[in-house]
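S.K.: Sending over a structure as structure tokens; questions will come in a sec.
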Amino acid sequence: MEEVKRGIPLLGEKMPSLEVQTTHGLKKIPEDYAGKWIVLFSHPADFTPVCTTEFVAFAKRNDKFKELNAELIGLSIDQVFSHIKWVEWIKEKIGVEIPFPIIADDMGNVSKALGMVHPGKGTNTVRAVFIIDPKGIIRLMVYYPQEVGRQIDEILRALRALQISDINKVAMPENWPNNELIHDKVIIPPPKDIVEAEKRKKVAEGYDWWFTYKSL
């Protein structure tokens, strides 16, 4: 059997094609989600407190992700029956239904391919988040340690920022749309020559020719 590549993929790379078993049946990623954004996130293990809090938060924001043409997909190195039982437990004990599929990566192949196996933690996966665009390109990656839960609204914010950046060809400031300096405005890419730099100082709002911004 061919050894699965280990290591973290690079931003801008194509998401490797993966056929996976999920709680919603067999899926091929990213092919089954062509034309949609994907938020693929891993968790260390089922039936653990931090992961449970994260899944509840993801589930409660599922509609917000869908409004952004994005689909959530969970993952851990657990068998599918464990995922199913955990999902049932969350619905019964907490009253929240998990609407998205969870990959049963019990052989660890997906986690190895994406560099998600936590060093020194046995078979536990890290808390990784991958945002993949409609063309199957990896646009964002965030890795958290096992001990720190994610902030799901930040993942939503980053997804919105990526989409607006793509459409408007602009950059997004820290904590957009609540930046301390320019609030909800967006950053205009810097000029590429002296003529444009001089022009930019006269016509654009900003601190200098290399730091200008505008409202959308």
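To be explicit about the labels: the chains of the structure tokens are called A, B, and onward in the order shown, and within each one the residues are counted from 1, while ligands get numbers from 1 in the order they are shown.
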Check stretch 2-138 of chain A with DSSP on the backbone and list each residue it calls alpha helix (DSSP H), as a PDB file with N, CA, C and O atoms, in the first residue's frame.

M.R.:
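Written out: states27.pdb:
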```
ATOM      1  N   PRO A  49     -15.187  17.214  25.822  1.00  0.00           N
ATOM      2  CA  PRO A  49     -15.926  18.446  26.147  1.00  0.00           C
ATOM      3  C   PRO A  49     -15.661  19.615  25.211  1.00  0.00           C
ATOM      4  O   PRO A  49     -16.610  20.268  24.746  1.00  0.00           O
ATOM      5  N   VAL A  50     -14.374  19.915  24.931  1.00  0.00           N
ATOM      6  CA  VAL A  50     -14.076  21.080  24.087  1.00  0.00           C
ATOM      7  C   VAL A  50     -14.653  20.884  22.689  1.00  0.00           C
ATOM      8  O   VAL A  50     -15.271  21.793  22.107  1.00  0.00           O
ATOM      9  N   CYS A  51     -14.485  19.691  22.130  1.00  0.00           N
ATOM     10  CA  CYS A  51     -15.003  19.407  20.790  1.00  0.00           C
ATOM     11  C   CYS A  51     -16.524  19.533  20.748  1.00  0.00           C
ATOM     12  O   CYS A  51     -17.097  20.011  19.768  1.00  0.00           O
ATOM     13  N   THR A  52     -17.174  19.107  21.818  1.00  0.00           N
ATOM     14  CA  THR A  52     -18.632  19.214  21.879  1.00  0.00           C
ATOM     15  C   THR A  52     -19.073  20.671  21.839  1.00  0.00           C
ATOM     16  O   THR A  52     -20.018  21.032  21.113  1.00  0.00           O
ATOM     17  N   THR A  53     -18.378  21.532  22.583  1.00  0.00           N
ATOM     18  CA  THR A  53     -18.740  22.958  22.554  1.00  0.00           C
ATOM     19  C   THR A  53     -18.544  23.541  21.159  1.00  0.00           C
ATOM     20  O   THR A  53     -19.340  24.378  20.711  1.00  0.00           O
ATOM     21  N   GLU A  54     -17.507  23.114  20.473  1.00  0.00           N
ATOM     22  CA  GLU A  54     -17.255  23.616  19.119  1.00  0.00           C
ATOM     23  C   GLU A  54     -18.331  23.153  18.145  1.00  0.00           C
ATOM     24  O   GLU A  54     -18.823  23.942  17.324  1.00  0.00           O
ATOM     25  N   PHE A  55     -18.693  21.864  18.226  1.00  0.00           N
ATOM     26  CA  PHE A  55     -19.696  21.343  17.295  1.00  0.00           C
ATOM     27  C   PHE A  55     -21.039  22.014  17.496  1.00  0.00           C
ATOM     28  O   PHE A  55     -21.770  22.289  16.527  1.00  0.00           O
ATOM     29  N   VAL A  56     -21.403  22.295  18.735  1.00  0.00           N
ATOM     30  CA  VAL A  56     -22.652  23.014  18.999  1.00  0.00           C
ATOM     31  C   VAL A  56     -22.599  24.402  18.360  1.00  0.00           C
ATOM     32  O   VAL A  56     -23.562  24.853  17.722  1.00  0.00           O
ATOM     33  N   ALA A  57     -21.459  25.085  18.499  1.00  0.00           N
ATOM     34  CA  ALA A  57     -21.322  26.433  17.930  1.00  0.00           C
ATOM     35  C   ALA A  57     -21.361  26.394  16.401  1.00  0.00           C
ATOM     36  O   ALA A  57     -21.991  27.251  15.767  1.00  0.00           O
ATOM     37  N   PHE A  58     -20.678  25.420  15.795  1.00  0.00           N
ATOM     38  CA  PHE A  58     -20.745  25.277  14.342  1.00  0.00           C
ATOM     39  C   PHE A  58     -22.182  25.017  13.889  1.00  0.00           C
ATOM     40  O   PHE A  58     -22.672  25.622  12.923  1.00  0.00           O
ATOM     41  N   ALA A  59     -22.872  24.110  14.583  1.00  0.00           N
ATOM     42  CA  ALA A  59     -24.240  23.754  14.193  1.00  0.00           C
ATOM     43  C   ALA A  59     -25.175  24.954  14.268  1.00  0.00           C
ATOM     44  O   ALA A  59     -26.016  25.163  13.384  1.00  0.00           O
ATOM     45  N   LYS A  60     -25.027  25.764  15.322  1.00  0.00           N
ATOM     46  CA  LYS A  60     -25.907  26.926  15.483  1.00  0.00           C
ATOM     47  C   LYS A  60     -25.650  27.993  14.425  1.00  0.00           C
ATOM     48  O   LYS A  60     -26.510  28.857  14.184  1.00  0.00           O
ATOM     49  N   ASN A  62     -24.681  27.113  11.236  1.00  0.00           N
ATOM     50  CA  ASN A  62     -24.681  26.429   9.944  1.00  0.00           C
ATOM     51  C   ASN A  62     -25.388  27.244   8.865  1.00  0.00           C
ATOM     52  O   ASN A  62     -24.917  27.338   7.724  1.00  0.00           O
ATOM     53  N   ASP A  63     -26.528  27.851   9.217  1.00  0.00           N
ATOM     54  CA  ASP A  63     -27.276  28.650   8.238  1.00  0.00           C
ATOM     55  C   ASP A  63     -26.471  29.861   7.777  1.00  0.00           C
ATOM     56  O   ASP A  63     -26.563  30.269   6.607  1.00  0.00           O
ATOM     57  N   LYS A  64     -25.677  30.445   8.675  1.00  0.00           N
ATOM     58  CA  LYS A  64     -24.853  31.593   8.286  1.00  0.00           C
ATOM     59  C   LYS A  64     -23.772  31.181   7.298  1.00  0.00           C
ATOM     60  O   LYS A  64     -23.442  31.931   6.374  1.00  0.00           O
ATOM     61  N   PHE A  65     -23.213  29.992   7.493  1.00  0.00           N
ATOM     62  CA  PHE A  65     -22.242  29.496   6.523  1.00  0.00           C
ATOM     63  C   PHE A  65     -22.916  29.232   5.176  1.00  0.00           C
ATOM     64  O   PHE A  65     -22.361  29.558   4.114  1.00  0.00           O
ATOM     65  N   LYS A  66     -24.112  28.653   5.202  1.00  0.00           N
ATOM     66  CA  LYS A  66     -24.832  28.384   3.953  1.00  0.00           C
ATOM     67  C   LYS A  66     -25.160  29.671   3.203  1.00  0.00           C
ATOM     68  O   LYS A  66     -25.153  29.707   1.971  1.00  0.00           O
ATOM     69  N   GLU A  67     -25.478  30.738   3.943  1.00  0.00           N
ATOM     70  CA  GLU A  67     -25.750  32.031   3.303  1.00  0.00           C
ATOM     71  C   GLU A  67     -24.536  32.535   2.524  1.00  0.00           C
ATOM     72  O   GLU A  67     -24.676  33.320   1.581  1.00  0.00           O
ATOM     73  N   VAL A  80     -17.211   5.680  12.054  1.00  0.00           N
ATOM     74  CA  VAL A  80     -18.459   6.380  11.762  1.00  0.00           C
ATOM     75  C   VAL A  80     -19.512   6.116  12.842  1.00  0.00           C
ATOM     76  O   VAL A  80     -20.320   7.004  13.159  1.00  0.00           O
ATOM     77  N   PHE A  81     -19.525   4.894  13.450  1.00  0.00           N
ATOM     78  CA  PHE A  81     -20.536   4.630  14.477  1.00  0.00           C
ATOM     79  C   PHE A  81     -20.323   5.517  15.700  1.00  0.00           C
ATOM     80  O   PHE A  81     -21.276   5.892  16.391  1.00  0.00           O
ATOM     81  N   SER A  82     -19.056   5.868  15.987  1.00  0.00           N
ATOM     82  CA  SER A  82     -18.769   6.785  17.093  1.00  0.00           C
ATOM     83  C   SER A  82     -19.316   8.171  16.785  1.00  0.00           C
ATOM     84  O   SER A  82     -19.930   8.819  17.647  1.00  0.00           O
ATOM     85  N   HIS A  83     -19.099   8.635  15.545  1.00  0.00           N
ATOM     86  CA  HIS A  83     -19.651   9.936  15.134  1.00  0.00           C
ATOM     87  C   HIS A  83     -21.173   9.951  15.287  1.00  0.00           C
ATOM     88  O   HIS A  83     -21.756  10.909  15.807  1.00  0.00           O
ATOM     89  N   ILE A  84     -21.815   8.876  14.801  1.00  0.00           N
ATOM     90  CA  ILE A  84     -23.280   8.813  14.842  1.00  0.00           C
ATOM     91  C   ILE A  84     -23.789   8.854  16.282  1.00  0.00           C
ATOM     92  O   ILE A  84     -24.727   9.582  16.604  1.00  0.00           O
ATOM     93  N   LYS A  85     -23.146   8.075  17.147  1.00  0.00           N
ATOM     94  CA  LYS A  85     -23.573   8.045  18.550  1.00  0.00           C
ATOM     95  C   LYS A  85     -23.352   9.391  19.221  1.00  0.00           C
ATOM     96  O   LYS A  85     -24.190   9.867  20.011  1.00  0.00           O
ATOM     97  N   TRP A  86     -22.244  10.065  18.898  1.00  0.00           N
ATOM     98  CA  TRP A  86     -21.950  11.387  19.481  1.00  0.00           C
ATOM     99  C   TRP A  86     -22.974  12.416  19.022  1.00  0.00           C
ATOM    100  O   TRP A  86     -23.467  13.221  19.814  1.00  0.00           O
ATOM    101  N   VAL A  87     -23.304  12.375  17.728  1.00  0.00           N
ATOM    102  CA  VAL A  87     -24.311  13.290  17.184  1.00  0.00           C
ATOM    103  C   VAL A  87     -25.650  13.066  17.880  1.00  0.00           C
ATOM    104  O   VAL A  87     -26.364  14.024  18.227  1.00  0.00           O
ATOM    105  N   GLU A  88     -26.001  11.794  18.090  1.00  0.00           N
ATOM    106  CA  GLU A  88     -27.246  11.485  18.811  1.00  0.00           C
ATOM    107  C   GLU A  88     -27.194  12.018  20.234  1.00  0.00           C
ATOM    108  O   GLU A  88     -28.195  12.549  20.746  1.00  0.00           O
ATOM    109  N   TRP A  89     -26.044  11.876  20.892  1.00  0.00           N
ATOM    110  CA  TRP A  89     -25.881  12.348  22.264  1.00  0.00           C
ATOM    111  C   TRP A  89     -26.066  13.865  22.342  1.00  0.00           C
ATOM    112  O   TRP A  89     -26.750  14.375  23.237  1.00  0.00           O
ATOM    113  N   ILE A  90     -25.449  14.597  21.404  1.00  0.00           N
ATOM    114  CA  ILE A  90     -25.562  16.063  21.392  1.00  0.00           C
ATOM    115  C   ILE A  90     -27.026  16.490  21.224  1.00  0.00           C
ATOM    116  O   ILE A  90     -27.508  17.403  21.908  1.00  0.00           O
ATOM    117  N   LYS A  91     -27.734  15.800  20.335  1.00  0.00           N
ATOM    118  CA  LYS A  91     -29.151  16.135  20.129  1.00  0.00           C
ATOM    119  C   LYS A  91     -29.978  15.828  21.373  1.00  0.00           C
ATOM    120  O   LYS A  91     -30.824  16.632  21.790  1.00  0.00           O
ATOM    121  N   GLU A  92     -29.724  14.669  22.000  1.00  0.00           N
ATOM    122  CA  GLU A  92     -30.507  14.247  23.159  1.00  0.00           C
ATOM    123  C   GLU A  92     -30.207  15.070  24.403  1.00  0.00           C
ATOM    124  O   GLU A  92     -31.110  15.510  25.112  1.00  0.00           O
ATOM    125  N   LYS A  93     -28.916  15.316  24.668  1.00  0.00           N
ATOM    126  CA  LYS A  93     -28.524  15.953  25.923  1.00  0.00           C
ATOM    127  C   LYS A  93     -28.499  17.480  25.852  1.00  0.00           C
ATOM    128  O   LYS A  93     -28.755  18.164  26.849  1.00  0.00           O
ATOM    129  N   ILE A  94     -28.181  18.019  24.671  1.00  0.00           N
ATOM    130  CA  ILE A  94     -28.022  19.474  24.551  1.00  0.00           C
ATOM    131  C   ILE A  94     -29.138  20.101  23.714  1.00  0.00           C
ATOM    132  O   ILE A  94     -29.394  21.299  23.789  1.00  0.00           O
ATOM    133  N   ASN A 109      -5.951   8.425   7.045  1.00  0.00           N
ATOM    134  CA  ASN A 109      -5.366   8.821   5.758  1.00  0.00           C
ATOM    135  C   ASN A 109      -5.588  10.293   5.433  1.00  0.00           C
ATOM    136  O   ASN A 109      -4.692  10.970   4.922  1.00  0.00           O
ATOM    137  N   VAL A 110      -6.795  10.798   5.721  1.00  0.00           N
ATOM    138  CA  VAL A 110      -7.071  12.209   5.434  1.00  0.00           C
ATOM    139  C   VAL A 110      -6.225  13.090   6.344  1.00  0.00           C
ATOM    140  O   VAL A 110      -5.617  14.072   5.900  1.00  0.00           O
ATOM    141  N   SER A 111      -6.172  12.743   7.606  1.00  0.00           N
ATOM    142  CA  SER A 111      -5.404  13.538   8.568  1.00  0.00           C
ATOM    143  C   SER A 111      -3.923  13.562   8.215  1.00  0.00           C
ATOM    144  O   SER A 111      -3.262  14.594   8.333  1.00  0.00           O
ATOM    145  N   LYS A 112      -3.394  12.438   7.778  1.00  0.00           N
ATOM    146  CA  LYS A 112      -1.985  12.401   7.369  1.00  0.00           C
ATOM    147  C   LYS A 112      -1.760  13.238   6.121  1.00  0.00           C
ATOM    148  O   LYS A 112      -0.765  13.960   6.010  1.00  0.00           O
ATOM    149  N   ALA A 113      -2.683  13.161   5.176  1.00  0.00           N
ATOM    150  CA  ALA A 113      -2.539  13.907   3.924  1.00  0.00           C
ATOM    151  C   ALA A 113      -2.551  15.408   4.148  1.00  0.00           C
ATOM    152  O   ALA A 113      -1.931  16.165   3.400  1.00  0.00           O
TER     153      ALA A 113
END
```

S.K.: Output as a ChimeraX atom specification all residues of stretch 74-111 of chain A that backbone DSSP marks as strand (DSSP E or B).

M.R.: /A:74-76,102-104

S.K.: What's the separation between atom CA of A:Ser215 and atom CA of A:Val170, in Å to one decimal place?

M.R.: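 These two atoms are separated by 10.7 Å.
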
S.K.: How many Å separate atom CA of A:Val142 from atom CA of A:Ile77?

M.R.: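 Separating atom CA of A:Val142 from atom CA of A:Ile77 is a distance of 18.5 Å.
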
S.K.: Any idea what's packed within 7 Å of A:Ala34, counting only C-alpha atoms, ignoring anything in its chain fewer than 4 positions away? Could you give it as a ChimeraX atom specification?

M.R.: /A:30,134-135

S.K.: Keeping only C-alpha atoms, write the selected residues to a file as an mmCIF file, in the first residue's frame.

M.R.:
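Saved result, result37.cif, follows:
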```
data_model
loop_
_atom_site.group_PDB
_atom_site.id
_atom_site.type_symbol
_atom_site.label_atom_id
_atom_site.label_comp_id
_atom_site.auth_asym_id
_atom_site.auth_seq_id
_atom_site.Cartn_x
_atom_site.Cartn_y
_atom_site.Cartn_z
ATOM 1 C CA PRO A 30 -13.722 18.678 -3.130
ATOM 2 C CA PRO A 134 -15.238 26.907 -5.161
ATOM 3 C CA LYS A 135 -12.299 25.995 -7.415
#
```

S.K.: Nearest to A:Ile164: which of A:Gly95, A:Pro177, A:Pro191, A:Pro9 is it, counting only C-alpha atoms?

M.R.: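 Using only C-alpha atoms, the shortest distance to A:Ile164 belongs to A:Pro177.
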
S.K.: Which polymer residues have any atom within 10 Å of an atom of A:Tyr33, counting only C-alpha atoms, with same-chain residues fewer than 2 positions away left out, as a list in words?

M.R.: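 With the cut-off at 10 Å, the set is Lys27, Lys28, Ile29, Pro30, Glu31, Gly35, Lys36, Trp37, Ile38, Ala70, Glu71, Ile132, Asp133, Pro134, Lys135 and Gly136 of chain A.
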
S.K.: Rank A:Leu216, A:Leu26, A:Gly115, A:Arg150 by their smallest atom-to-atom distance to A:Met172, using only C-alpha atoms, and report the top residue only.

M.R.: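 Residue with the minimum atom-to-atom distance to A:Met172: A:Leu216.
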
S.K.: One number please: atom CA of A:Gly74 to atom CA of A:Val117, in Å, one decimal.

M.R.: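 Separation between atom CA of A:Gly74 and atom CA of A:Val117: 14.7 Å.
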